[in-house]
$ cat data.cif   # mmCIF, C-alpha atoms
data_data
#
loop_
_atom_site.group_PDB
_atom_site.id
_atom_site.type_symbol
_atom_site.label_atom_id
_atom_site.label_comp_id
_atom_site.auth_asym_id
_atom_site.auth_seq_id
_atom_site.Cartn_x
_atom_site.Cartn_y
_atom_site.Cartn_z
ATOM 1 C CA MET A 932 -28.870 320.628 246.468
ATOM 2 C CA THR A 933 -26.007 319.705 248.795
ATOM 3 C CA ASN A 934 -24.211 322.612 250.488
ATOM 4 C CA ILE A 935 -20.566 321.775 251.175
ATOM 5 C CA ILE A 936 -17.547 323.249 252.933
ATOM 6 C CA ILE A 937 -14.195 322.346 251.365
ATOM 7 C CA HIS A 938 -11.606 321.768 254.098
ATOM 8 C CA GLY A 939 -8.112 322.279 252.656
ATOM 9 C CA ILE A 940 -9.439 324.296 249.744
ATOM 10 C CA ASN A 941 -6.129 325.959 248.825
ATOM 11 C CA GLY A 942 -4.333 322.632 248.445
ATOM 12 C CA HIS A 943 -3.964 320.889 245.109
ATOM 13 C CA MET A 944 -6.813 318.443 245.754
ATOM 14 C CA GLY A 945 -8.961 321.152 247.313
ATOM 15 C CA GLN A 946 -8.732 323.135 244.098
ATOM 16 C CA ILE A 947 -9.697 320.096 242.026
ATOM 17 C CA VAL A 948 -12.705 319.472 244.287
ATOM 18 C CA LEU A 949 -13.715 323.121 243.895
ATOM 19 C CA ASP A 950 -13.459 322.946 240.103
ATOM 20 C CA ILE A 951 -15.603 319.812 239.888
ATOM 21 C CA ALA A 952 -18.072 321.071 242.501
ATOM 22 C CA THR A 953 -18.718 324.330 240.657
ATOM 23 C CA LYS A 954 -19.677 322.340 237.537
ATOM 24 C CA ASP A 955 -22.093 320.065 239.404
ATOM 25 C CA PRO A 956 -25.677 321.437 239.496
ATOM 26 C CA GLU A 957 -26.393 319.412 242.651
ATOM 27 C CA ILE A 958 -23.525 320.934 244.668
ATOM 28 C CA ASN A 959 -23.173 324.390 246.207
ATOM 29 C CA VAL A 960 -19.873 325.404 247.845
ATOM 30 C CA VAL A 961 -20.763 327.682 250.765
ATOM 31 C CA ALA A 962 -17.324 328.095 252.385
ATOM 32 C CA GLY A 963 -13.685 327.117 252.243
ATOM 33 C CA VAL A 964 -11.256 326.413 255.081
ATOM 34 C CA ASP A 965 -7.483 326.644 254.797
ATOM 35 C CA PRO A 966 -4.827 328.170 257.086
ATOM 36 C CA PHE A 967 -2.456 328.745 254.166
ATOM 37 C CA GLY A 968 -2.800 331.513 251.606
ATOM 38 C CA GLU A 969 -5.782 333.488 250.428
ATOM 39 C CA GLY A 970 -8.354 332.987 247.738
ATOM 40 C CA ASN A 971 -10.533 335.100 245.491
ATOM 41 C CA TYR A 972 -13.712 333.102 246.003
ATOM 42 C CA ASP A 973 -17.380 334.054 245.852
ATOM 43 C CA PHE A 974 -17.874 332.472 249.283
ATOM 44 C CA PRO A 975 -16.096 333.102 252.618
ATOM 45 C CA LEU A 976 -12.697 331.584 253.406
ATOM 46 C CA PHE A 977 -11.711 330.721 256.991
ATOM 47 C CA ALA A 978 -8.368 329.808 258.529
ATOM 48 C CA SER A 979 -9.888 326.976 260.597
ATOM 49 C CA MET A 980 -13.099 325.011 261.017
ATOM 50 C CA GLU A 981 -13.475 326.527 264.481
ATOM 51 C CA GLU A 982 -13.785 329.960 262.870
ATOM 52 C CA CYS A 983 -16.151 328.794 260.128
ATOM 53 C CA ASN A 984 -19.661 329.944 261.053
ATOM 54 C CA VAL A 985 -21.401 329.014 257.788
ATOM 55 C CA ASP A 986 -24.172 326.413 257.799
ATOM 56 C CA ALA A 987 -23.580 323.431 255.492
ATOM 57 C CA ASP A 988 -24.783 319.904 254.842
ATOM 58 C CA VAL A 989 -21.378 318.226 254.550
ATOM 59 C CA VAL A 990 -17.652 318.977 254.864
ATOM 60 C CA VAL A 991 -15.360 317.542 252.191
ATOM 61 C CA ASP A 992 -11.842 317.175 253.589
ATOM 62 C CA PHE A 993 -8.667 317.036 251.520
ATOM 63 C CA SER A 994 -6.277 318.622 253.985
ATOM 64 C CA ASN A 995 -3.413 317.425 256.164
ATOM 65 C CA ALA A 996 -3.375 314.638 258.734
ATOM 66 C CA ALA A 997 -2.398 317.145 261.437
ATOM 67 C CA ALA A 998 -5.602 319.143 260.823
ATOM 68 C CA VAL A 999 -8.085 316.271 261.000
ATOM 69 C CA ASN A 1000 -8.473 316.098 264.798
ATOM 70 C CA GLU A 1001 -9.649 319.707 264.961
ATOM 71 C CA LEU A 1002 -11.979 319.070 262.029
ATOM 72 C CA LEU A 1003 -13.493 316.027 263.745
ATOM 73 C CA LYS A 1004 -13.964 317.937 266.988
ATOM 74 C CA VAL A 1005 -15.966 320.683 265.242
ATOM 75 C CA CYS A 1006 -18.008 318.250 263.142
ATOM 76 C CA GLU A 1007 -18.744 316.172 266.213
ATOM 77 C CA ASN A 1008 -19.919 319.205 268.215
ATOM 78 C CA ARG A 1009 -22.083 320.499 265.355
ATOM 79 C CA SER A 1010 -23.327 317.078 264.173
ATOM 80 C CA LEU A 1011 -21.923 318.038 260.776
ATOM 81 C CA PRO A 1012 -21.309 315.139 258.354
ATOM 82 C CA VAL A 1013 -17.790 314.898 256.939
ATOM 83 C CA VAL A 1014 -16.173 313.099 254.002
ATOM 84 C CA LEU A 1015 -12.615 312.334 255.164
ATOM 85 C CA CYS A 1016 -10.245 312.023 252.205
ATOM 86 C CA THR A 1017 -6.991 312.819 254.022
ATOM 87 C CA THR A 1018 -4.658 309.815 254.376
ATOM 88 C CA GLY A 1019 -1.829 308.925 256.748
ATOM 89 C CA LEU A 1020 -3.991 309.401 259.854
ATOM 90 C CA SER A 1021 -2.503 308.633 263.272
ATOM 91 C CA ASP A 1022 -3.873 306.063 265.709
ATOM 92 C CA GLU A 1023 -5.073 308.981 267.830
ATOM 93 C CA THR A 1024 -7.092 310.390 264.921
ATOM 94 C CA ILE A 1025 -8.565 306.989 264.082
ATOM 95 C CA SER A 1026 -9.674 306.688 267.718
ATOM 96 C CA HIS A 1027 -11.222 310.151 267.412
ATOM 97 C CA ILE A 1028 -13.196 308.978 264.370
ATOM 98 C CA LYS A 1029 -14.689 306.144 266.440
ATOM 99 C CA LYS A 1030 -15.831 308.727 268.966
ATOM 100 C CA ALA A 1031 -17.153 311.227 266.407
ATOM 101 C CA ILE A 1032 -19.376 308.712 264.583
ATOM 102 C CA LYS A 1033 -21.603 308.526 267.656
ATOM 103 C CA LYS A 1034 -22.723 312.096 266.930
ATOM 104 C CA THR A 1035 -22.341 312.554 263.184
ATOM 105 C CA ALA A 1036 -21.914 310.727 259.885
ATOM 106 C CA VAL A 1037 -18.305 310.175 258.788
ATOM 107 C CA LEU A 1038 -17.365 308.677 255.433
ATOM 108 C CA ARG A 1039 -13.800 307.461 255.194
ATOM 109 C CA SER A 1040 -12.242 305.404 252.417
ATOM 110 C CA ALA A 1041 -8.605 304.752 251.628
ATOM 111 C CA ASN A 1042 -9.404 305.756 248.051
ATOM 112 C CA MET A 1043 -12.393 307.675 246.716
ATOM 113 C CA SER A 1044 -12.397 306.220 243.190
ATOM 114 C CA LEU A 1045 -15.191 303.944 242.021
ATOM 115 C CA GLY A 1046 -12.729 301.635 240.258
ATOM 116 C CA ILE A 1047 -10.545 301.052 243.306
ATOM 117 C CA ASN A 1048 -13.538 300.217 245.476
ATOM 118 C CA ILE A 1049 -14.840 297.722 242.923
ATOM 119 C CA LEU A 1050 -11.315 296.229 242.798
ATOM 120 C CA ILE A 1051 -11.337 295.859 246.595
ATOM 121 C CA GLU A 1052 -14.587 293.897 246.421
ATOM 122 C CA THR A 1053 -13.186 291.779 243.560
ATOM 123 C CA LEU A 1054 -10.056 290.891 245.550
ATOM 124 C CA LYS A 1055 -12.187 289.737 248.470
ATOM 125 C CA GLN A 1056 -13.908 287.316 246.100
ATOM 126 C CA VAL A 1057 -10.916 285.897 244.184
ATOM 127 C CA SER A 1058 -8.006 285.890 246.633
ATOM 128 C CA LYS A 1059 -9.030 282.714 248.478
ATOM 129 C CA LYS A 1060 -8.475 280.463 245.461
ATOM 130 C CA PHE A 1061 -5.112 282.040 244.628
ATOM 131 C CA CYS A 1062 -3.824 281.931 248.183
ATOM 132 C CA GLU A 1063 -4.994 278.357 248.794
ATOM 133 C CA SER A 1064 -3.067 277.397 245.654
ATOM 134 C CA GLY A 1065 0.164 278.824 247.051
ATOM 135 C CA TYR A 1066 0.429 282.040 245.042
ATOM 136 C CA ASP A 1067 2.596 284.754 246.595
ATOM 137 C CA VAL A 1068 1.016 288.202 246.872
ATOM 138 C CA GLU A 1069 2.911 291.398 246.061
ATOM 139 C CA ILE A 1070 1.508 294.930 245.841
ATOM 140 C CA VAL A 1071 3.312 297.785 244.077
ATOM 141 C CA GLU A 1072 2.003 301.343 244.278
ATOM 142 C CA ALA A 1073 3.257 304.533 242.624
ATOM 143 C CA HIS A 1074 2.389 308.165 243.369
ATOM 144 C CA HIS A 1075 3.647 311.682 242.707
ATOM 145 C CA ASN A 1076 6.747 313.000 244.431
ATOM 146 C CA ARG A 1077 4.783 315.214 246.829
ATOM 147 C CA LYS A 1078 2.880 312.406 248.566
ATOM 148 C CA LEU A 1079 3.921 312.277 252.215
ATOM 149 C CA ASP A 1080 2.848 308.811 253.369
ATOM 150 C CA ALA A 1081 4.125 305.440 252.143
ATOM 151 C CA PRO A 1082 2.797 302.928 251.495
ATOM 152 C CA SER A 1083 -0.432 304.506 250.356
ATOM 153 C CA GLY A 1084 -3.641 303.944 252.273
ATOM 154 C CA THR A 1085 -5.017 302.355 249.115
ATOM 155 C CA ALA A 1086 -2.205 299.787 248.987
ATOM 156 C CA LEU A 1087 -2.965 298.841 252.585
ATOM 157 C CA ALA A 1088 -6.696 298.608 251.803
ATOM 158 C CA LEU A 1089 -5.929 296.281 248.877
ATOM 159 C CA ALA A 1090 -3.739 294.136 251.131
ATOM 160 C CA ASP A 1091 -6.511 294.052 253.737
ATOM 161 C CA ALA A 1092 -8.962 292.915 251.031
ATOM 162 C CA VAL A 1093 -6.677 290.012 250.063
ATOM 163 C CA LYS A 1094 -6.214 289.100 253.713
ATOM 164 C CA GLU A 1095 -9.953 289.213 254.417
ATOM 165 C CA GLY A 1096 -10.960 287.339 251.279
ATOM 166 C CA SER A 1097 -8.373 284.599 251.680
ATOM 167 C CA GLY A 1098 -8.942 284.107 255.396
ATOM 168 C CA HIS A 1099 -5.149 283.861 255.718
ATOM 169 C CA GLN A 1100 -3.212 285.545 258.519
ATOM 170 C CA TYR A 1101 -0.731 287.444 256.377
ATOM 171 C CA THR A 1102 1.833 289.886 257.711
ATOM 172 C CA TYR A 1103 2.844 292.924 255.638
ATOM 173 C CA THR A 1104 6.455 293.441 254.581
ATOM 174 C CA TYR A 1105 7.489 296.922 253.414
ATOM 175 C CA ASP A 1106 11.250 296.476 253.044
ATOM 176 C CA ARG A 1107 13.535 293.475 252.605
ATOM 177 C CA SER A 1108 16.844 295.338 252.523
ATOM 178 C CA ASP A 1109 17.645 294.435 256.144
ATOM 179 C CA ARG A 1110 17.424 290.661 255.594
ATOM 180 C CA ARG A 1111 19.043 287.949 253.527
ATOM 181 C CA GLN A 1112 16.568 285.134 253.517
ATOM 182 C CA LYS A 1113 13.939 283.374 251.465
ATOM 183 C CA ARG A 1114 10.570 285.048 251.050
ATOM 184 C CA ASP A 1115 8.091 284.115 253.766
ATOM 185 C CA PRO A 1116 4.937 282.631 252.158
ATOM 186 C CA ASN A 1117 2.880 284.198 254.928
ATOM 187 C CA GLU A 1118 3.683 287.776 253.900
ATOM 188 C CA ILE A 1119 2.269 290.302 251.474
ATOM 189 C CA GLY A 1120 5.040 292.474 250.084
ATOM 190 C CA ILE A 1121 4.092 296.132 249.647
ATOM 191 C CA SER A 1122 6.401 298.436 247.671
ATOM 192 C CA ALA A 1123 6.099 302.188 247.115
ATOM 193 C CA ILE A 1124 7.379 304.327 244.231
ATOM 194 C CA ARG A 1125 7.405 308.141 244.385
ATOM 195 C CA GLY A 1126 8.086 310.247 241.322
ATOM 196 C CA GLY A 1127 6.916 312.918 238.951
ATOM 197 C CA ASN A 1128 3.214 313.648 238.774
ATOM 198 C CA ILE A 1129 1.815 310.095 239.012
ATOM 199 C CA ALA A 1130 -1.809 310.350 240.147
ATOM 200 C CA GLY A 1131 -1.877 306.785 241.426
ATOM 201 C CA ILE A 1132 -1.016 303.309 240.137
ATOM 202 C CA HIS A 1133 -1.708 300.117 242.082
ATOM 203 C CA ASP A 1134 -0.743 296.594 240.992
ATOM 204 C CA VAL A 1135 -1.819 293.541 242.985
ATOM 205 C CA MET A 1136 0.192 290.528 241.804
ATOM 206 C CA PHE A 1137 -0.593 286.884 242.509
ATOM 207 C CA CYS A 1138 2.678 285.106 241.678
ATOM 208 C CA GLY A 1139 2.607 281.372 241.022
ATOM 209 C CA GLU A 1140 5.179 278.874 239.805
ATOM 210 C CA GLU A 1141 4.366 279.330 236.111
ATOM 211 C CA GLU A 1142 2.188 282.424 235.895
ATOM 212 C CA VAL A 1143 1.558 285.872 237.336
ATOM 213 C CA ILE A 1144 -1.937 287.340 237.511
ATOM 214 C CA THR A 1145 -2.005 291.122 237.999
ATOM 215 C CA PHE A 1146 -4.946 293.296 238.954
ATOM 216 C CA LYS A 1147 -4.101 296.888 237.992
ATOM 217 C CA HIS A 1148 -5.735 300.238 238.636
ATOM 218 C CA GLU A 1149 -4.339 303.466 237.214
ATOM 219 C CA ALA A 1150 -5.789 306.874 237.983
ATOM 220 C CA LEU A 1151 -5.273 309.084 234.928
ATOM 221 C CA SER A 1152 -5.739 312.223 237.017
ATOM 222 C CA ARG A 1153 -6.561 313.113 240.605
ATOM 223 C CA GLY A 1154 -9.939 314.338 239.409
ATOM 224 C CA VAL A 1155 -11.218 310.780 239.859
ATOM 225 C CA PHE A 1156 -10.753 311.117 243.631
ATOM 226 C CA ALA A 1157 -12.460 314.503 243.736
ATOM 227 C CA ARG A 1158 -15.454 313.192 241.777
ATOM 228 C CA GLY A 1159 -15.774 310.323 244.219
ATOM 229 C CA ALA A 1160 -15.662 312.745 247.151
ATOM 230 C CA ILE A 1161 -18.441 314.864 245.630
ATOM 231 C CA GLU A 1162 -20.627 311.774 245.143
ATOM 232 C CA ALA A 1163 -19.858 310.777 248.721
ATOM 233 C CA ALA A 1164 -20.984 314.210 249.956
ATOM 234 C CA LYS A 1165 -24.330 313.841 248.179
ATOM 235 C CA PHE A 1166 -24.798 310.427 249.764
ATOM 236 C CA LEU A 1167 -23.757 311.534 253.264
ATOM 237 C CA LYS A 1168 -26.080 314.544 253.429
ATOM 238 C CA ASN A 1169 -29.051 312.727 254.950
ATOM 239 C CA GLN A 1170 -27.320 309.831 256.711
ATOM 240 C CA GLN A 1171 -27.573 308.996 260.394
ATOM 241 C CA PRO A 1172 -24.482 309.157 262.646
ATOM 242 C CA GLY A 1173 -22.096 306.318 261.907
ATOM 243 C CA LEU A 1174 -19.109 305.263 259.825
ATOM 244 C CA TYR A 1175 -19.521 304.875 256.061
ATOM 245 C CA ASP A 1176 -17.231 304.165 253.115
ATOM 246 C CA MET A 1177 -17.379 304.231 249.320
ATOM 247 C CA SER A 1178 -18.994 300.800 249.184
ATOM 248 C CA ASP A 1179 -22.065 302.427 250.759
ATOM 249 C CA VAL A 1180 -22.070 305.125 248.064
ATOM 250 C CA ILE A 1181 -21.804 302.496 245.326
ATOM 251 C CA ALA A 1182 -24.599 300.398 246.857
ATOM 252 C CA ALA A 1183 -26.905 303.430 247.041
ATOM 253 C CA LYS A 1184 -26.576 304.209 243.333
#

$ encode --input "data.cif" --output "structure tokens"
Amino acid sequence: MTNIIIHGINGHMGQIVLDIATKDPEINVVAGVDPFGEGNYDFPLFASMEECNVDADVVVDFSNAAAVNELLKVCENRSLPVVLCTTGLSDETISHIKKAIKKTAVLRSANMSLGINILIETLKQVSKKFCESGYDVEIVEAHHNRKLDAPSGTALALADAVKEGSGHQYTYTYDRSDRRQKRDPNEIGISAIRGGNIAGIHDVMFCGEEEVITFKHEALSRGVFARGAIEAAKFLKNQQPGLYDMSDVIAAK
């Protein structure tokens, strides 16, 4: 049994994590943390991690980028493992992660879905041949109209996978509206769409002279991310201090 605290429990993703967790016989939710609203739960709810005095094995975080530094501070002080699912983190927070992993286990992935993480590994393997053959690389991502950051962390992770696999020193271009010039072959174009209730769509396009090869991932609901986070919590429970990602979860299965 893995005892978890859900950080950001009253948010949309926090509620999805709670729903999936309560149906998993290997997971026990012992507390929730959220500064906004109240909840009729059968476990205690706290306004902050600092106030949370409940013992747990792992924290699962789907909160807000502004709340992650406080979360890391508490987890670091208590040697409490944490699955970080919040995106759009600042450079300051990323530096804090590097400090926290000396005292506790932190799992952070741009995307918690199994499919996306397999796609990342696939891109590392295939991109070299495409890029050496002169194919242009474009990434298009689409999310719901409430997503705050753009481009998505997943789109950047996919671009990083192409860059790593190809061994090419690409730069990332997010907007071409301020220029009138030919496309630079040394760039990866990354475009973001925001609308409706799109859970997440990512297309990685290798564009050649006479063909386009597209690798596509579409999340049919945000439950796929919550399920990944729950599996990550089970994995992280007994890990030593350090930085982990979903590839470690997949490898352990």

$ residues_around --input "data.cif" --residues "segment 965-973 of chain A" --least-positions-apart "4" --cutoff "12 Å" --atoms "all atoms listed in the file" --output "list in words"
Ile936, Ile937, His938, Gly939, Ile940, Asn941, Gly942, His943, Gly945, Gln946, Leu949, Asp950, Thr953, Asn959, Val960, Val961, Phe977, Ala978, Ser979, Met980, Glu981, Glu982, Cys983, Asp992, Phe993, Ser994, Asn995, Ala998 and Leu1002 of chain A

$ resolve_selection --input "data.cif" --expression "the PyMOL selection byres ((chain A and resi 1014) around 9)" --output "list in words"
Val989, Val990, Val991, Asp992, Phe993, Pro1012, Val1013, Leu1015, Cys1016, Ala1036, Val1037, Leu1038, Arg1039, Ser1040, Ala1160, Ile1161, Ala1163, Ala1164 and Leu1167 of chain A

$ resolve_selection --input "data.cif" --expression "the PyMOL selection byres ((chain A and resi 1058) around 12)" --output "MDAnalysis selection string"
chainID A and resid 1050:1057 1059:1068 1089:1099 1135:1138 1144:1146

$ write_last_selection --input "data.cif" --atoms "C-alpha atoms" --output "PDB file, in the frame of the given file"
ATOM      1  CA  LEU A1050     -11.315 296.229 242.798  1.00  0.00           C
ATOM      2  CA  ILE A1051     -11.337 295.859 246.595  1.00  0.00           C
ATOM      3  CA  GLU A1052     -14.587 293.897 246.421  1.00  0.00           C
ATOM      4  CA  THR A1053     -13.186 291.779 243.560  1.00  0.00           C
ATOM      5  CA  LEU A1054     -10.056 290.891 245.550  1.00  0.00           C
ATOM      6  CA  LYS A1055     -12.187 289.737 248.470  1.00  0.00           C
ATOM      7  CA  GLN A1056     -13.908 287.316 246.100  1.00  0.00           C
ATOM      8  CA  VAL A1057     -10.916 285.897 244.184  1.00  0.00           C
ATOM      9  CA  LYS A1059      -9.030 282.714 248.478  1.00  0.00           C
ATOM     10  CA  LYS A1060      -8.475 280.463 245.461  1.00  0.00           C
ATOM     11  CA  PHE A1061      -5.112 282.040 244.628  1.00  0.00           C
ATOM     12  CA  CYS A1062      -3.824 281.931 248.183  1.00  0.00           C
ATOM     13  CA  GLU A1063      -4.994 278.357 248.794  1.00  0.00           C
ATOM     14  CA  SER A1064      -3.067 277.397 245.654  1.00  0.00           C
ATOM     15  CA  GLY A1065       0.164 278.824 247.051  1.00  0.00           C
ATOM     16  CA  TYR A1066       0.429 282.040 245.042  1.00  0.00           C
ATOM     17  CA  ASP A1067       2.596 284.754 246.595  1.00  0.00           C
ATOM     18  CA  VAL A1068       1.016 288.202 246.872  1.00  0.00           C
ATOM     19  CA  LEU A1089      -5.929 296.281 248.877  1.00  0.00           C
ATOM     20  CA  ALA A1090      -3.739 294.136 251.131  1.00  0.00           C
ATOM     21  CA  ASP A1091      -6.511 294.052 253.737  1.00  0.00           C
ATOM     22  CA  ALA A1092      -8.962 292.915 251.031  1.00  0.00           C
ATOM     23  CA  VAL A1093      -6.677 290.012 250.063  1.00  0.00           C
ATOM     24  CA  LYS A1094      -6.214 289.100 253.713  1.00  0.00           C
ATOM     25  CA  GLU A1095      -9.953 289.213 254.417  1.00  0.00           C
ATOM     26  CA  GLY A1096     -10.960 287.339 251.279  1.00  0.00           C
ATOM     27  CA  SER A1097      -8.373 284.599 251.680  1.00  0.00           C
ATOM     28  CA  GLY A1098      -8.942 284.107 255.396  1.00  0.00           C
ATOM     29  CA  HIS A1099      -5.149 283.861 255.718  1.00  0.00           C
ATOM     30  CA  VAL A1135      -1.819 293.541 242.985  1.00  0.00           C
ATOM     31  CA  MET A1136       0.192 290.528 241.804  1.00  0.00           C
ATOM     32  CA  PHE A1137      -0.593 286.884 242.509  1.00  0.00           C
ATOM     33  CA  CYS A1138       2.678 285.106 241.678  1.00  0.00           C
ATOM     34  CA  ILE A1144      -1.937 287.340 237.511  1.00  0.00           C
ATOM     35  CA  THR A1145      -2.005 291.122 237.999  1.00  0.00           C
ATOM     36  CA  PHE A1146      -4.946 293.296 238.954  1.00  0.00           C
TER      37      PHE A1146
END

$ closest_residue --input "data.cif" --among "A:Val985, A:Ala1088, A:Leu976, A:Ala1073" --to "Gly1127 of chain A" --atoms "only C-alpha atoms"
A:Ala1073

$ atom_distance --input "data.cif" --atom1 "atom CA of Ser1122 of chain A" --atom2 "atom CA of Leu1020 of chain A"
19.4 Å

$ closest_residue --input "data.cif" --among "A:Ala1130, A:Val999, A:Ala1041, A:Val1155" --to "Glu1023 of chain A" --atoms "all atoms listed in the file"
A:Val999

$ atom_distance --input "data.cif" --atom1 "atom CA of Asn1128 of chain A" --atom2 "atom CA of Ile947 of chain A"
14.8 Å

$ closest_residue --input "data.cif" --among "A:Met932, A:Val964, A:Leu1174, A:Ala1157" --to "Thr1035 of chain A" --atoms "all atoms listed in the file"
A:Leu1174

$ residues_around --input "data.cif" --residues "segment 1079-1085 of chain A" --least-positions-apart "4" --cutoff "8 Å" --atoms "all atoms listed in the file" --output "JSON, numbers by chain"
{"A": [1018, 1019, 1041, 1042, 1072, 1089, 1105, 1121, 1122, 1123]}

$ residues_around --input "data.cif" --residues "His1133 of chain A" --least-positions-apart "3" --cutoff "6 Å" --atoms "only C-alpha atoms" --output "list in words"
Val1071, Glu1072, Lys1147 and His1148 of chain A

$ closest_residue --input "data.cif" --among "A:Lys1004, A:Lys1033, A:His1074, A:His1027" --to "Ile1124 of chain A" --atoms "all atoms listed in the file"
A:His1074

$ atom_distance --input "data.cif" --atom1 "atom CA of Ile951 of chain A" --atom2 "atom CA of Gly1154 of chain A"
7.9 Å

$ axis_aligned_box --input "data.cif" --around "segment 1123-1139 of chain A" --padding-each-side "4 Å" --output "lines of an AutoDock Vina configuration file"
center_x = 3.1
center_y = 297.5
center_z = 242.9
size_x = 18.0
size_y = 40.3
size_z = 16.3

$ resolve_selection --input "data.cif" --expression "the PyMOL selection byres ((chain A and resi 1111-1119) around 7)" --output "PyMOL selection string"
chain A and resi 1067-1069+1101-1104+1110+1120-1121

$ write_last_selection --input "data.cif" --atoms "C-alpha atoms" --output "short mmCIF file (atom, residue, chain, number, x, y, z; two decimals), keeping the file's coordinate frame"
data_model
loop_
_atom_site.label_atom_id
_atom_site.label_comp_id
_atom_site.auth_asym_id
_atom_site.auth_seq_id
_atom_site.Cartn_x
_atom_site.Cartn_y
_atom_site.Cartn_z
CA ASP A 1067 2.60 284.75 246.60
CA VAL A 1068 1.02 288.20 246.87
CA GLU A 1069 2.91 291.40 246.06
CA TYR A 1101 -0.73 287.44 256.38
CA THR A 1102 1.83 289.89 257.71
CA TYR A 1103 2.84 292.92 255.64
CA THR A 1104 6.46 293.44 254.58
CA ARG A 1110 17.42 290.66 255.59
CA GLY A 1120 5.04 292.47 250.08
CA ILE A 1121 4.09 296.13 249.65
#

$ closest_residue --input "data.cif" --among "A:Asp986, A:Ala1150, A:Ser1021, A:Ala1182" --to "Met1043 of chain A" --atoms "all atoms listed in the file"
A:Ala1150

$ closest_residue --input "data.cif" --among "A:Ile935, A:Ser1044, A:Ile1032, A:Ala952" --to "Tyr1175 of chain A" --atoms "all atoms listed in the file"
A:Ile1032

$ build_atoms --input "data.cif" --residues "segment 942-947 of chain A" --atoms "all heavy atoms" --output "short mmCIF file (atom, residue, chain, number, x, y, z; two decimals), keeping the file's coordinate frame"
data_model
loop_
_atom_site.label_atom_id
_atom_site.label_comp_id
_atom_site.auth_asym_id
_atom_site.auth_seq_id
_atom_site.Cartn_x
_atom_site.Cartn_y
_atom_site.Cartn_z
N GLY A 942 -5.23 323.69 248.86
CA GLY A 942 -4.33 322.63 248.44
C GLY A 942 -4.66 322.17 247.03
O GLY A 942 -5.69 322.54 246.45
N HIS A 943 -3.78 321.35 246.49
CA HIS A 943 -3.96 320.89 245.11
C HIS A 943 -5.29 320.14 244.95
O HIS A 943 -6.07 320.42 244.03
CB HIS A 943 -2.80 319.99 244.70
CG HIS A 943 -2.83 319.58 243.26
ND1 HIS A 943 -2.52 320.45 242.23
CD2 HIS A 943 -3.17 318.41 242.67
CE1 HIS A 943 -2.66 319.82 241.07
NE2 HIS A 943 -3.06 318.58 241.30
N MET A 944 -5.57 319.19 245.85
CA MET A 944 -6.81 318.44 245.75
C MET A 944 -8.01 319.32 246.08
O MET A 944 -9.08 319.15 245.47
CB MET A 944 -6.77 317.23 246.68
CG MET A 944 -6.00 316.05 246.13
SD MET A 944 -6.57 315.48 244.49
CE MET A 944 -8.30 315.14 244.80
N GLY A 945 -7.86 320.24 247.00
CA GLY A 945 -8.96 321.15 247.31
C GLY A 945 -9.39 321.96 246.10
O GLY A 945 -10.59 322.18 245.87
N GLN A 946 -8.42 322.37 245.30
CA GLN A 946 -8.73 323.14 244.10
C GLN A 946 -9.43 322.27 243.04
O GLN A 946 -10.31 322.73 242.32
CB GLN A 946 -7.44 323.73 243.52
CG GLN A 946 -6.88 324.87 244.36
CD GLN A 946 -7.79 326.09 244.35
OE1 GLN A 946 -8.00 326.73 243.32
NE2 GLN A 946 -8.35 326.41 245.52
N ILE A 947 -9.03 321.00 242.97
CA ILE A 947 -9.70 320.10 242.03
C ILE A 947 -11.14 319.84 242.46
O ILE A 947 -12.06 319.84 241.64
CB ILE A 947 -8.91 318.77 241.91
CG1 ILE A 947 -7.53 319.02 241.31
CG2 ILE A 947 -9.68 317.76 241.06
CD1 ILE A 947 -6.63 317.79 241.28
#
